[in-house]
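Asks: Okay, handing you the structure first.
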Amino acid sequence: MVSLSLERLTLKLKDMKKIITCLVIVLNLTILNAQQDAMYTHYSFNMLTVNPGYAGSRDAMTLTALHRSQWVGFEGAPVTESFTIHAPIFKTKMGIGLSALNDKIGPVNNSSIYASYSYKLKFKTAGQLALGVNGGINVLQTNLTNLIATNTNDPTIANNTRNYLSKNFGFGAYYTYSKYFVGLSIPKLIKNKIDPTALSDYNTERRHVYLSAGAVLKINNNLSLRPTTLIKFTQAAPIQTDLTAMFIIQNTIEIGGMFRTGDAFGLLLGYNLPNHMRIGYSFDWSYGVQTARVNAGSHELMIRYDFINKARKRIVSPRYF
């Protein structure tokens, strides 16, 4: 009887050790995620997720789908999917858009859907400035039962599935001139409590400020260079800068590299199909986190399609972002 009790106690202690280990991993991932929203290597092609001023900027209805598998081979690593659709309202200065996101880290799943609206101010001398607003809902789901299979019937673990719903809104500005762009946005202004019952300040959402810029520099008739950057600011976290440069060969094949301060470097590839579709792939390796020793890098796949109005036959401006 004593032997049986000791055996059960040993199993329980092993289970607790597994639970604590998993929670430590999840806590580290959650802290990392709290420092910034879901990241993308293809940020310049997925701008609507961070800047509502981008809505309708491509002079066509544009659909973009993206999948990112981060830190492949590391259990519980982030997996992100996003879907955006936006279009100008022709014969007006307005644009509308919709973005949906699903971001999963371990047992934590964060989903959101936001609507965007932009209004363009055109200048006679140079370019146009689009001012945008967005609003939507976020659903955060935690499910500790997905952490491990335990030998205990502890109801605290077995029933620990929670859902938190919050609302938010933000704004953005997106300026374009010829083959240049500059953007500034705060997509979430409200600092919601993730868990309304918790007292800790670490349980509060942080505002993220995004500054973006890019250009297309013509080298010759068959080759151009597209440098872009995305700088992210948030409270209690280092400023993070993405630097990307891609060569565009005959307006069809794209190849380049990226560097993310304190985090990763990688390679990007793109191919522009003749039917207004673009396919992009990127691989980046995180050198700045502990998981770098046990993962096979991060992969990202993006597909974008422009529905061109037959009467217009082409996208006017901008063409490259």
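Letters A, B, ... go to the chains of the structure tokens in the order shown; residues in each chain start at 1; ligands are counted from 1 in the same order.
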Hey, what's within 6 Å of Asp263 (chain A) if we count only C-alpha atoms and toss same-chain stuff fewer than 6 positions away? As a list in words, please?
Replies: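 Counting only C-alpha atoms, the residues come to Ser286, Tyr287 and Gly288 of chain A.
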Asks: Give one line per residue of region 44-137 of chain A that approaches region 188-192 of chain A to at most 10 Å, naming the two atoms of the closest pair and their distance in Å to one decimal, counting only C-alpha atoms; sort by chain then ascending residue number and deliver it as JSON lines.
Replies:
{"residue": "A:Val50", "atom": "CA", "partner": "A:Lys188", "partner_atom": "CA", "distance": 9.0}
{"residue": "A:Asn134", "atom": "CA", "partner": "A:Lys188", "partner_atom": "CA", "distance": 8.6}
{"residue": "A:Gly135", "atom": "CA", "partner": "A:Lys188", "partner_atom": "CA", "distance": 8.4}
{"residue": "A:Gly136", "atom": "CA", "partner": "A:Lys188", "partner_atom": "CA", "distance": 9.5}
Asks: Would you output that residue set with N, CA and C atoms, as a short mmCIF file (atom, residue, chain, number, x, y, z; two decimals), in the first residue's frame?
Replies:
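Saved the output as out_35.cif:
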data_model
loop_
_atom_site.label_atom_id
_atom_site.label_comp_id
_atom_site.auth_asym_id
_atom_site.auth_seq_id
_atom_site.Cartn_x
_atom_site.Cartn_y
_atom_site.Cartn_z
N VAL A 50 -0.81 46.14 -40.31
CA VAL A 50 -0.26 47.08 -39.33
C VAL A 50 -0.61 48.54 -39.64
N ASN A 134 -8.89 51.90 -38.28
CA ASN A 134 -9.36 50.52 -38.26
C ASN A 134 -10.03 50.21 -36.93
N GLY A 135 -10.78 49.14 -36.90
CA GLY A 135 -11.43 48.71 -35.68
C GLY A 135 -11.82 47.24 -35.79
N GLY A 136 -11.78 46.54 -34.67
CA GLY A 136 -12.12 45.13 -34.72
C GLY A 136 -12.08 44.47 -33.37
#
Asks: Compile the contact shell of Gly214 (chain A) as an NGL selection string: residues with an atom at most 12 Å away, counting only C-alpha atoms, same-chain residues fewer than 2 positions apart removed.
Replies: :A and (43-45 or 47 or 174-183 or 211-212 or 216-217 or 225-231 or 242-246 or 318 or 320-321)
Asks: Pull N, CA and C atoms from the residues just selected and write them as a CSV table (one decimal), in the first residue's frame.
Replies:
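What ended up in again_30.csv:
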chain,number,residue,atom,x,y,z
A,43,TYR,N,6.6,41.9,-44.6
A,43,TYR,CA,5.8,43.0,-44.1
A,43,TYR,C,5.4,44.0,-45.2
A,44,SER,N,6.3,44.3,-46.2
A,44,SER,CA,6.0,45.3,-47.2
A,44,SER,C,4.9,44.8,-48.1
A,45,PHE,N,4.6,43.5,-48.1
A,45,PHE,CA,3.5,43.0,-49.0
A,45,PHE,C,2.2,42.7,-48.1
A,47,MET,N,1.1,45.0,-45.6
A,47,MET,CA,1.1,46.2,-44.8
A,47,MET,C,-0.3,46.5,-44.1
A,174,TYR,N,-0.2,56.8,-44.6
A,174,TYR,CA,0.6,56.1,-45.7
A,174,TYR,C,0.8,57.1,-46.8
A,175,TYR,N,2.0,57.5,-47.0
A,175,TYR,CA,2.3,58.5,-48.0
A,175,TYR,C,3.1,57.8,-49.2
A,176,THR,N,2.7,58.1,-50.4
A,176,THR,CA,3.3,57.5,-51.6
A,176,THR,C,3.7,58.7,-52.6
A,177,TYR,N,4.8,58.5,-53.2
A,177,TYR,CA,5.2,59.5,-54.2
A,177,TYR,C,6.1,58.7,-55.2
A,178,SER,N,5.7,58.7,-56.5
A,178,SER,CA,6.4,57.9,-57.5
A,178,SER,C,6.7,56.5,-57.0
A,179,LYS,N,7.9,56.2,-56.8
A,179,LYS,CA,8.3,54.8,-56.4
A,179,LYS,C,8.8,54.8,-54.9
A,180,TYR,N,8.2,55.6,-54.1
A,180,TYR,CA,8.6,55.7,-52.7
A,180,TYR,C,7.4,55.6,-51.8
A,181,PHE,N,7.5,55.2,-50.6
A,181,PHE,CA,6.4,55.2,-49.6
A,181,PHE,C,7.0,55.4,-48.2
A,182,VAL,N,6.2,56.0,-47.3
A,182,VAL,CA,6.5,56.1,-45.9
A,182,VAL,C,5.2,55.9,-45.2
A,183,GLY,N,5.2,55.2,-44.1
A,183,GLY,CA,4.0,54.9,-43.3
A,183,GLY,C,4.3,55.0,-41.8
A,211,LEU,N,6.8,52.3,-37.9
A,211,LEU,CA,7.3,53.3,-38.9
A,211,LEU,C,7.9,52.5,-40.1
A,212,SER,N,7.3,52.7,-41.3
A,212,SER,CA,7.8,51.9,-42.5
A,212,SER,C,8.2,52.9,-43.6
A,216,VAL,N,11.9,52.0,-54.8
A,216,VAL,CA,12.3,51.2,-55.9
A,216,VAL,C,13.3,52.0,-56.7
A,217,LEU,N,14.6,51.5,-56.7
A,217,LEU,CA,15.7,52.3,-57.4
A,217,LEU,C,16.0,51.5,-58.7
A,225,LEU,N,16.4,47.8,-57.6
A,225,LEU,CA,16.6,47.4,-56.2
A,225,LEU,C,15.5,48.0,-55.4
A,226,ARG,N,14.9,47.2,-54.5
A,226,ARG,CA,13.8,47.6,-53.6
A,226,ARG,C,14.3,47.5,-52.2
A,227,PRO,N,14.8,48.6,-51.5
A,227,PRO,CA,15.1,48.5,-50.1
A,227,PRO,C,13.8,49.0,-49.3
A,228,THR,N,13.5,48.3,-48.2
A,228,THR,CA,12.4,48.6,-47.3
A,228,THR,C,12.8,48.4,-45.9
A,229,THR,N,12.1,49.1,-45.0
A,229,THR,CA,12.3,48.9,-43.6
A,229,THR,C,11.0,49.0,-42.8
A,230,LEU,N,11.0,48.4,-41.7
A,230,LEU,CA,9.9,48.5,-40.7
A,230,LEU,C,10.5,48.6,-39.3
A,231,ILE,N,10.2,49.7,-38.7
A,231,ILE,CA,10.7,49.9,-37.3
A,231,ILE,C,9.6,49.8,-36.3
A,242,ASP,N,13.5,46.0,-39.0
A,242,ASP,CA,13.6,45.1,-40.1
A,242,ASP,C,14.2,45.8,-41.3
A,243,LEU,N,15.3,45.3,-41.8
A,243,LEU,CA,15.9,45.9,-43.0
A,243,LEU,C,15.9,44.8,-44.1
A,244,THR,N,15.3,45.2,-45.3
A,244,THR,CA,15.2,44.2,-46.4
A,244,THR,C,15.6,44.9,-47.7
A,245,ALA,N,16.3,44.1,-48.5
A,245,ALA,CA,16.7,44.6,-49.9
A,245,ALA,C,16.5,43.5,-50.9
A,246,MET,N,15.7,43.8,-51.9
A,246,MET,CA,15.4,42.8,-52.9
A,246,MET,C,15.7,43.3,-54.3
A,318,PRO,N,0.8,52.6,-56.3
A,318,PRO,CA,2.1,52.2,-56.6
A,318,PRO,C,2.1,50.8,-57.2
A,320,TYR,N,4.9,48.4,-56.7
A,320,TYR,CA,5.9,47.5,-56.1
A,320,TYR,C,5.6,47.2,-54.6
A,321,PHE,N,4.6,47.8,-54.0
A,321,PHE,CA,4.3,47.6,-52.6
A,321,PHE,C,2.9,47.3,-52.3
